[in-house]
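K.L.:
Have a look at the structure that comes next, please.
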Amino acid sequence: MRKRLTAYLFMILSVSFLLSSCCLQAEGGTENPPLAINGFGRALRITRPISGLVDSSRSLELSNIRDLVFGASYEQVARQIADAPRSADFWLKCGLENTDDSPLDLSLDAGNLNYIDLFFVSADGVVQEVRGGNLRPDNPGSSYVQKQMGVLPLRLGAHQAGELFVKIRQRTDEYDFSGIRIYDPQAVNDAFIADARNSHQSSIFPLLFQGFLICQLLYVIFQWMIIRRKEYLYYFFYLGVISLYFLSKQESFYGVPLLFSHYPLLRIYLGKTMLILPYFLYFRFIRSFLDMPVNYPRVNKWIRGLEYFLLVYLLFDLGLILITFNRGLQTLLYTIILGFVFLITTGLIIYMFRRGQPLLYYVISGSLFVATGHILGLVFSYLEIVRHLDLGIPNVLIFSQVGIVLEIVCFTAGLSYKSHAAEKEKIRSQENLIEQLKANEILQSNMQHIRNKIARDLHDDIGSTLSSISILSGLALREKDTDQTLGAMSEIKASSISLMEKMDDIVWSINPRNDTLENLLMRVRHFATTLFEARGIEYKIIIEDPLDQVRLPMDFRQHIYLILKEAINNLIKYSEATEAGIRVGCHQQVLTLSVWDNGQGFDTDLSFSGNGLLSMKNRAALMQAELVIRSGRGQGTEIILRVTVESE
């Protein structure tokens with residue numbers, strides 16, 4: 001699929017460069033038909049054939065041109081218009097006479113020109129003036145049909161005769177001029193109906209397209225008002241500029257004067273701006289929509305540079321058209337720039353496509369649709385307008401419009417996918433939050449349990465010891481026998497030492513610096529070696545694996561320490577052993593600790609009510625650990641504790 005996409009992109013790129021090599025300059029027609037009259041019968045008569053005059057200084061007006069000799073033929077004027085339409089003002093003159101007893105309403109069609117001025121000078125010197133052209137607002141004296149047909153109104157009184165002067169001025173190289181045609185009201189209505197009938201089907205899609213754009217604009221702005229993400233603003237302005245561009249091309253079709261009907265020069269000044277600016281806005285939208293500064297920093301850097309380049313080109317293009325008004329050069333530069341931008345964009349699309357992100361496919365597909373539609377529109381416009389080939393396409397803008405519609409569909413689908421992904425991420429975050437809250441609740445419960453246990457230990461062990469010390473102290477004070485007093489004081493000393501050990505154990509267990517197993521084993525080693533050496537027992541302490549990465553919860557640390565301490569105390573008190581040892585190992589997150597000796601042992605079938613064995617069993621159960629006691633009379637004893645732990 002990637003190979004097919006790459007081939008498709010390079011095919012479009014080849015078409016773009018082919019178009020870049022063509023200079024899109026208009027060429028006028030070489031055929032020069034005579035002045036044509038449609039309708040009127042014999043009521044309108046041509047009294048003098050068309051003749052021409054070329055004003056290279058572009059300074060002559062009707063007042064000083066009426067007396068000049070129009071020595072050029074129509075064919076010569078038409079040929080010079082075709083060669084250099086912006087080099088001069090072109091004048092045509094012919095004679096007309098109304099032979100009827102009633103006035104005649106004429107509609108004059110001179111083609112699609114920038115500026116056209118009609119002057120009818122009657123025999124008695126009265127001048128009737130009508131101005132028109134595609135760079136002027138619609139003539140206020142024209143009817144709806146005349147505005148749609150692009151013809152100018154002229155009225156000849158009964159039996160009125162005179163000279164018709166036509167002044168043609170071009171500021172651009174784009175024009176359509178093939179003589180002058182005069183229609184009567186019925187003929188111009190018939191032409192309008194025939195043209196409307198031929199373009200009926202092609203007129204439906206532009207209306208639907210503009211309606212589609214308006215609906216999408218409303219949808220995007222509402223989305224922005226709800227979500228307040230800047231990509232929606234970029235996309236809104238992108239659609240807005242596109243809507244203005246197609247409005248500039250088809251506003252006259254709607255018959256409602258909005259913007260470009262009042263200010264036709266905006267079509268020239270903003271023509272390429274409304275084609276380049278959407279690229280800038282679309283790049284901005286893509287960078288924000290895909291969060292490129294975070295997800296694709298390298299691509300983001302290239303696209304941001306491309307945006308700055310487009311802004312500079314927009315300013316240059318505006319200056320070029322204001323200074324030179326050379327639409328041919330402007331179009332050539334635009335085509336080259338478009339090919340350059342498309343080349344870079346193609347590389348970026350291929351690079352991003354290889355990332356395999358689902359959201360990228362929507363953006364890439366939309367970009368391809370827009371680029372393909374725009375390039376096809378340029379190609380067919382060039383073939384029809386410049387090469388004058390009849391391709392049978394009623395509206396070449398339909399390619400760009402279809403591409404934009406497909407891009408909007410891709411955007412909407414991508415937005416839905418992104419919203420769905422964001423919703424899933426939100427649900428996943430909520431689930432994680434719930435899990436975290438549950439873990440915190442468990443942690444709080446454990447902390448409360450530990451607090452209760454510490455309070456219980458302080459009350460039961462330390463409290464009872466302090467009570468014993470208090471009783472013994474009172475007894476020692478009341479006792480007069482020295483031996484009994486010394487005995488009481490000895491018990492007070494032993495109780496104090498026991499109390500200090502218990503307090504030390506509690507403080508040690510709640511200190512977070514002792515969380516590692518290594519610190520626990522150091523304390524056990526110190527405790528065990530002190531007792532073993534005091535009793536003259538040979539001992540071994542074996543650490544089988546490195547355990548510095550094993551961390552223990554506070555309650556586990558206390559339980560393990562007290563179990564080992566109880567096992568060592570029992571070994572010292574009851575085993576009568578000569579050898580003993582401690583072995584520690586951890587495998588597959590199971591910590592194994594064992595205390596063994598070669599002493600007299602005991603019968604494990606008997607009740608565990610003594611020697612602290614029951615307490616050891618209870619502590620192991622609190623950790624959900626396994627406690628195994630292996631012993632027999634005369635066989636020594638081994639106590640094994642297996643605890644499931646976590647590693648860092």
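Letters A, B, ... mark the chains of the structure tokens in the order given; residue numbers begin at 1 per chain; ligand numbers begin at 1, in order shown.
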Counting only C-alpha atoms, which residues in region 77-179 of chain A sit no more than 12 Å from region 259-277 of chain A? For each one, give the nearest pair of atoms and the distance in Å, sorted by chain then residue number, as CSV.
P.N.:
residue,atom,partner,partner_atom,distance
A:Asn114,CA,A:Leu265,CA,9.7
A:Tyr115,CA,A:Pro264,CA,11.3
A:Gly132,CA,A:Pro264,CA,11.4
A:Gly133,CA,A:Pro264,CA,9.5
A:Asn134,CA,A:Pro264,CA,6.8
A:Leu135,CA,A:Pro264,CA,4.9
A:Arg136,CA,A:Pro264,CA,5.8
A:Pro137,CA,A:His262,CA,5.2
A:Asp138,CA,A:Ser261,CA,6.7
A:Asn139,CA,A:Ser261,CA,10.4
A:Pro140,CA,A:His262,CA,11.2
A:Lys147,CA,A:Ser261,CA,10.6
A:Gln148,CA,A:Ser261,CA,11.8
A:Arg171,CA,A:Ile268,CA,10.0
A:Thr172,CA,A:Ile268,CA,8.9
A:Asp173,CA,A:Ile268,CA,11.7
A:Glu174,CA,A:Ile268,CA,11.0
K.L.:
Take the selection from the previous step and output its residues with C-alpha atoms, as a compact mmCIF listing (two decimals), in the first residue's frame.
P.N.:
# COMPACT_ATOMS: atom_id res chain seq x y z
CA ASN A 114 -11.52 44.45 -18.03
CA TYR A 115 -12.93 47.84 -19.05
CA GLY A 132 -18.87 48.11 -18.07
CA GLY A 133 -16.26 45.35 -17.83
CA ASN A 134 -15.35 42.61 -15.39
CA LEU A 135 -13.25 44.97 -13.25
CA ARG A 136 -16.15 47.36 -12.76
CA PRO A 137 -19.31 46.93 -10.67
CA ASP A 138 -22.42 45.88 -12.56
CA ASN A 139 -23.97 48.64 -14.61
CA PRO A 140 -26.92 49.99 -12.60
CA LYS A 147 -25.93 41.31 -15.92
CA GLN A 148 -25.90 37.53 -16.20
CA ARG A 171 -5.06 45.65 -17.25
CA THR A 172 -4.62 41.88 -17.35
CA ASP A 173 -3.72 39.43 -20.10
CA GLU A 174 -6.91 37.44 -19.56
K.L.:
I'd like the neighbourhood of Asn618 (chain A) as a PyMOL selection string, where a residue qualifies if any of its atoms comes within 12 Å (using only C-alpha atoms), though same-chain residues fewer than 5 positions away should be ignored.
P.N.:
chain A and resi 559-560+562-563+608-609+612-613+623-627
K.L.:
Go ahead and write the residues just picked, N, CA and C atoms, as a PDB file, in the first residue's frame.
P.N.:
ATOM      1  N   HIS A 559       7.164  -7.724  60.625  1.00  0.00           N
ATOM      2  CA  HIS A 559       6.781  -9.129  60.824  1.00  0.00           C
ATOM      3  C   HIS A 559       7.969 -10.056  60.606  1.00  0.00           C
ATOM      4  N   ILE A 560       8.724  -9.840  59.536  1.00  0.00           N
ATOM      5  CA  ILE A 560       9.863 -10.721  59.238  1.00  0.00           C
ATOM      6  C   ILE A 560      10.905 -10.635  60.345  1.00  0.00           C
ATOM      7  N   LEU A 562      10.521  -9.758  63.499  1.00  0.00           N
ATOM      8  CA  LEU A 562      10.074 -10.359  64.761  1.00  0.00           C
ATOM      9  C   LEU A 562       9.998 -11.876  64.668  1.00  0.00           C
ATOM     10  N   ILE A 563       9.640 -12.402  63.471  1.00  0.00           N
ATOM     11  CA  ILE A 563       9.641 -13.866  63.301  1.00  0.00           C
ATOM     12  C   ILE A 563      11.057 -14.406  63.447  1.00  0.00           C
ATOM     13  N   PHE A 608       1.283 -25.571  69.533  1.00  0.00           N
ATOM     14  CA  PHE A 608       2.243 -24.481  69.408  1.00  0.00           C
ATOM     15  C   PHE A 608       1.925 -23.364  70.400  1.00  0.00           C
ATOM     16  N   SER A 609       1.418 -23.737  71.519  1.00  0.00           N
ATOM     17  CA  SER A 609       1.037 -22.704  72.478  1.00  0.00           C
ATOM     18  C   SER A 609       2.243 -22.068  73.142  1.00  0.00           C
ATOM     19  N   GLY A 612       6.567 -19.177  71.528  1.00  0.00           N
ATOM     20  CA  GLY A 612       6.306 -18.112  70.555  1.00  0.00           C
ATOM     21  C   GLY A 612       5.994 -18.586  69.152  1.00  0.00           C
ATOM     22  N   LEU A 613       5.843 -19.939  68.971  1.00  0.00           N
ATOM     23  CA  LEU A 613       5.600 -20.454  67.618  1.00  0.00           C
ATOM     24  C   LEU A 613       4.244 -20.005  67.083  1.00  0.00           C
ATOM     25  N   MET A 623       1.051 -11.693  56.477  1.00  0.00           N
ATOM     26  CA  MET A 623       1.766 -11.379  55.230  1.00  0.00           C
ATOM     27  C   MET A 623       1.357 -12.300  54.089  1.00  0.00           C
ATOM     28  N   GLN A 624       0.414 -13.216  54.356  1.00  0.00           N
ATOM     29  CA  GLN A 624       0.053 -14.254  53.392  1.00  0.00           C
ATOM     30  C   GLN A 624       1.304 -15.020  52.958  1.00  0.00           C
ATOM     31  N   ALA A 625       2.178 -15.244  53.920  1.00  0.00           N
ATOM     32  CA  ALA A 625       3.428 -15.951  53.670  1.00  0.00           C
ATOM     33  C   ALA A 625       3.307 -17.400  54.154  1.00  0.00           C
ATOM     34  N   GLU A 626       4.275 -18.181  53.780  1.00  0.00           N
ATOM     35  CA  GLU A 626       4.308 -19.596  54.160  1.00  0.00           C
ATOM     36  C   GLU A 626       5.380 -19.799  55.236  1.00  0.00           C
ATOM     37  N   LEU A 627       4.991 -20.383  56.351  1.00  0.00           N
ATOM     38  CA  LEU A 627       5.929 -20.679  57.439  1.00  0.00           C
ATOM     39  C   LEU A 627       5.996 -22.193  57.621  1.00  0.00           C
TER      40      LEU A 627
END
K.L.:
Would you please extract all helix (DSSP H, G or I) residues from region 75-142 of chain A, as assigned by DSSP on the backbone, and give them as a PyMOL selection string?
P.N.:
chain A and resi 75-83
K.L.:
Output C-alpha atoms of each residue in that selection to a file, as a CSV table (one decimal), in the first residue's frame.
P.N.:
chain,number,residue,atom,x,y,z
A,75,GLU,CA,-8.6,42.7,-38.0
A,76,GLN,CA,-5.6,44.8,-37.2
A,77,VAL,CA,-7.0,46.0,-33.9
A,78,ALA,CA,-8.0,42.4,-32.9
A,79,ARG,CA,-4.5,41.1,-33.8
A,80,GLN,CA,-2.8,43.8,-31.7
A,81,ILE,CA,-5.1,43.0,-28.8
A,82,ALA,CA,-4.1,39.4,-29.1
A,83,ASP,CA,-0.3,40.3,-29.1
K.L.:
Can you check which residues of region 143-208 of chain A DSSP gives as strand (DSSP E) on the backbone and send them as an MDAnalysis selection string?
P.N.:
chainID A and resid 152:156 161:169 181:183
K.L.:
Got time to write the residues from that selection, C-alpha atoms, as a PDB file, in the first residue's frame?
P.N.:
ATOM      1  CA  LEU A 152     -24.412  46.518 -21.824  1.00  0.00           C
ATOM      2  CA  PRO A 153     -27.717  48.342 -22.406  1.00  0.00           C
ATOM      3  CA  LEU A 154     -28.114  51.011 -25.083  1.00  0.00           C
ATOM      4  CA  ARG A 155     -31.257  52.769 -26.287  1.00  0.00           C
ATOM      5  CA  LEU A 156     -31.798  54.301 -29.724  1.00  0.00           C
ATOM      6  CA  ALA A 161     -28.775  57.595 -36.201  1.00  0.00           C
ATOM      7  CA  GLY A 162     -25.227  58.144 -35.073  1.00  0.00           C
ATOM      8  CA  GLU A 163     -21.798  56.653 -34.403  1.00  0.00           C
ATOM      9  CA  LEU A 164     -20.990  53.996 -31.844  1.00  0.00           C
ATOM     10  CA  PHE A 165     -17.543  54.282 -30.218  1.00  0.00           C
ATOM     11  CA  VAL A 166     -16.219  51.319 -28.228  1.00  0.00           C
ATOM     12  CA  LYS A 167     -13.179  51.834 -26.002  1.00  0.00           C
ATOM     13  CA  ILE A 168     -11.352  48.723 -24.742  1.00  0.00           C
ATOM     14  CA  ARG A 169      -8.768  48.856 -21.960  1.00  0.00           C
ATOM     15  CA  ARG A 181     -22.687  41.443 -31.024  1.00  0.00           C
ATOM     16  CA  ILE A 182     -25.933  43.366 -30.673  1.00  0.00           C
ATOM     17  CA  TYR A 183     -29.073  41.671 -29.339  1.00  0.00           C
TER      18      TYR A 183
END
K.L.:
If we count only C-alpha atoms and set the cut-off at 10 Å, which residues sit around Tyr334 (chain A), ignoring sequence neighbours fewer than 4 positions away in its own chain? Please answer as a VMD selection string.
P.N.:
chain A and resid 20 272 275 to 276 313 317 328 to 330 338 to 340
K.L.:
Go ahead and write the selection's residues with N, CA and C atoms as a tab-separated table (two decimals), in the first residue's frame.
P.N.:
chain	number	residue	atom	x	y	z
A	20	SER	N	3.90	23.49	-14.29
A	20	SER	CA	4.81	24.58	-13.96
A	20	SER	C	5.59	25.06	-15.19
A	272	LYS	N	-4.71	35.20	-6.02
A	272	LYS	CA	-3.75	34.19	-5.58
A	272	LYS	C	-3.63	34.15	-4.06
A	275	LEU	N	-5.77	31.62	-2.76
A	275	LEU	CA	-5.34	30.26	-3.08
A	275	LEU	C	-4.16	29.82	-2.22
A	276	ILE	N	-3.27	30.76	-1.85
A	276	ILE	CA	-2.11	30.44	-1.04
A	276	ILE	C	-2.44	30.45	0.45
A	313	TYR	N	5.78	34.88	0.57
A	313	TYR	CA	5.33	34.85	-0.83
A	313	TYR	C	4.02	35.61	-1.00
A	317	ASP	N	3.59	38.49	-3.65
A	317	ASP	CA	2.59	38.39	-4.70
A	317	ASP	C	1.69	39.63	-4.73
A	328	GLY	N	-0.18	37.16	-16.01
A	328	GLY	CA	0.52	36.02	-16.60
A	328	GLY	C	1.75	35.65	-15.79
A	329	LEU	N	2.57	36.67	-15.45
A	329	LEU	CA	3.75	36.43	-14.63
A	329	LEU	C	3.36	35.93	-13.25
A	330	GLN	N	2.30	36.51	-12.70
A	330	GLN	CA	1.81	36.08	-11.39
A	330	GLN	C	1.41	34.61	-11.41
A	338	LEU	N	3.72	26.62	-6.27
A	338	LEU	CA	2.86	25.50	-5.91
A	338	LEU	C	3.59	24.17	-6.09
A	339	GLY	N	4.33	24.03	-7.20
A	339	GLY	CA	5.10	22.81	-7.41
A	339	GLY	C	6.15	22.60	-6.33
A	340	PHE	N	6.80	23.70	-5.93
A	340	PHE	CA	7.81	23.63	-4.87
A	340	PHE	C	7.18	23.20	-3.55
K.L.:
Considering only C-alpha atoms, return as a ChimeraX atom specification whatever protein or nucleic-acid residues lie within 9 Å of Phe532 (chain A), sequence-local ones (same chain, fewer than 6 positions apart) excluded.
P.N.:
/A:538-539,568,572,580
K.L.:
Closest to Leu106 (chain A) among A:Phe283, A:Leu44, A:Gly150, A:Asp184, using only C-alpha atoms?
P.N.:
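Of all the options, A:Asp184 lies closest to Leu106 (chain A).
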K.L.:
Can you list, as a PyMOL selection string, every protein, DNA or RNA residue that comes within 9 Å of region 213-219 of chain A when you count only C-alpha atoms, leaving out same-chain residues fewer than 5 positions away?
P.N.:
chain A and resi 208+224+235-237+239-240+242-243+405+408
K.L.:
Using C-alpha atoms, can you write the selected residues to a file as an mmCIF file, in the first residue's frame?
P.N.:
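Once written, out_29.cif looks like this:
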data_model
loop_
_atom_site.group_PDB
_atom_site.id
_atom_site.type_symbol
_atom_site.label_atom_id
_atom_site.label_comp_id
_atom_site.auth_asym_id
_atom_site.auth_seq_id
_atom_site.Cartn_x
_atom_site.Cartn_y
_atom_site.Cartn_z
ATOM 1 C CA LEU A 208 -24.652 22.570 -2.900
ATOM 2 C CA TRP A 224 -14.504 25.706 18.868
ATOM 3 C CA TYR A 235 -9.803 25.166 10.106
ATOM 4 C CA PHE A 236 -12.616 27.739 10.313
ATOM 5 C CA PHE A 237 -10.488 30.428 8.645
ATOM 6 C CA LEU A 239 -12.819 27.102 5.068
ATOM 7 C CA GLY A 240 -13.700 30.805 5.184
ATOM 8 C CA ILE A 242 -11.933 28.897 0.410
ATOM 9 C CA SER A 243 -15.554 30.042 0.530
ATOM 10 C CA VAL A 405 -15.516 18.163 -0.056
ATOM 11 C CA ILE A 408 -13.777 17.930 4.742
#
K.L.:
Excluding Ala187 (chain A) and any residue of its chain fewer than 4 positions from it, enumerate the residues within 10 Å of it, using only C-alpha atoms, and give them as a PDB file with N, CA and C atoms, in the first residue's frame.
P.N.:
ATOM      1  N   ILE A  37     -25.653  41.307 -35.650  1.00  0.00           N
ATOM      2  CA  ILE A  37     -26.904  41.808 -35.089  1.00  0.00           C
ATOM      3  C   ILE A  37     -27.866  40.640 -34.967  1.00  0.00           C
ATOM      4  N   ASN A  38     -28.396  40.442 -33.761  1.00  0.00           N
ATOM      5  CA  ASN A  38     -29.316  39.340 -33.487  1.00  0.00           C
ATOM      6  C   ASN A  38     -30.686  39.923 -33.171  1.00  0.00           C
ATOM      7  N   GLY A  39     -31.638  39.676 -34.062  1.00  0.00           N
ATOM      8  CA  GLY A  39     -32.970  40.229 -33.893  1.00  0.00           C
ATOM      9  C   GLY A  39     -33.096  41.569 -34.633  1.00  0.00           C
ATOM     10  N   PHE A  40     -34.119  42.305 -34.343  1.00  0.00           N
ATOM     11  CA  PHE A  40     -34.400  43.635 -34.891  1.00  0.00           C
ATOM     12  C   PHE A  40     -34.916  43.600 -36.339  1.00  0.00           C
ATOM     13  N   SER A 107     -28.733  45.432 -26.558  1.00  0.00           N
ATOM     14  CA  SER A 107     -27.801  44.815 -25.599  1.00  0.00           C
ATOM     15  C   SER A 107     -26.525  44.497 -26.361  1.00  0.00           C
ATOM     16  N   ILE A 182     -24.817  42.543 -31.146  1.00  0.00           N
ATOM     17  CA  ILE A 182     -25.933  43.366 -30.673  1.00  0.00           C
ATOM     18  C   ILE A 182     -27.191  42.504 -30.663  1.00  0.00           C
ATOM     19  N   TYR A 183     -27.884  42.503 -29.513  1.00  0.00           N
ATOM     20  CA  TYR A 183     -29.073  41.671 -29.339  1.00  0.00           C
ATOM     21  C   TYR A 183     -30.278  42.571 -29.075  1.00  0.00           C
ATOM     22  N   ALA A 191     -30.891  33.797 -25.510  1.00  0.00           N
ATOM     23  CA  ALA A 191     -29.509  33.373 -25.255  1.00  0.00           C
ATOM     24  C   ALA A 191     -29.315  33.018 -23.778  1.00  0.00           C
ATOM     25  N   PHE A 192     -29.936  33.816 -22.923  1.00  0.00           N
ATOM     26  CA  PHE A 192     -29.823  33.553 -21.482  1.00  0.00           C
ATOM     27  C   PHE A 192     -30.490  32.219 -21.128  1.00  0.00           C
ATOM     28  N   ILE A 193     -31.686  31.976 -21.685  1.00  0.00           N
ATOM     29  CA  ILE A 193     -32.402  30.730 -21.396  1.00  0.00           C
ATOM     30  C   ILE A 193     -31.613  29.526 -21.907  1.00  0.00           C
TER      31      ILE A 193
END
K.L.:
If we count only C-alpha atoms and set the cut-off at 10 Å, which residues sit around region 89-94 of chain A, ignoring sequence neighbours fewer than 6 positions away in its own chain? Please answer as a ChimeraX atom specification.
P.N.:
/A:35,46-60,62,65-66,70,72-74,77-78,80-81,115-120,162-170,179-180
K.L.:
What is the CA of Ser178 (chain A) to CA of His159 (chain A) distance in Å?
P.N.:
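That distance, rounded to one decimal, is 28.8 Å.
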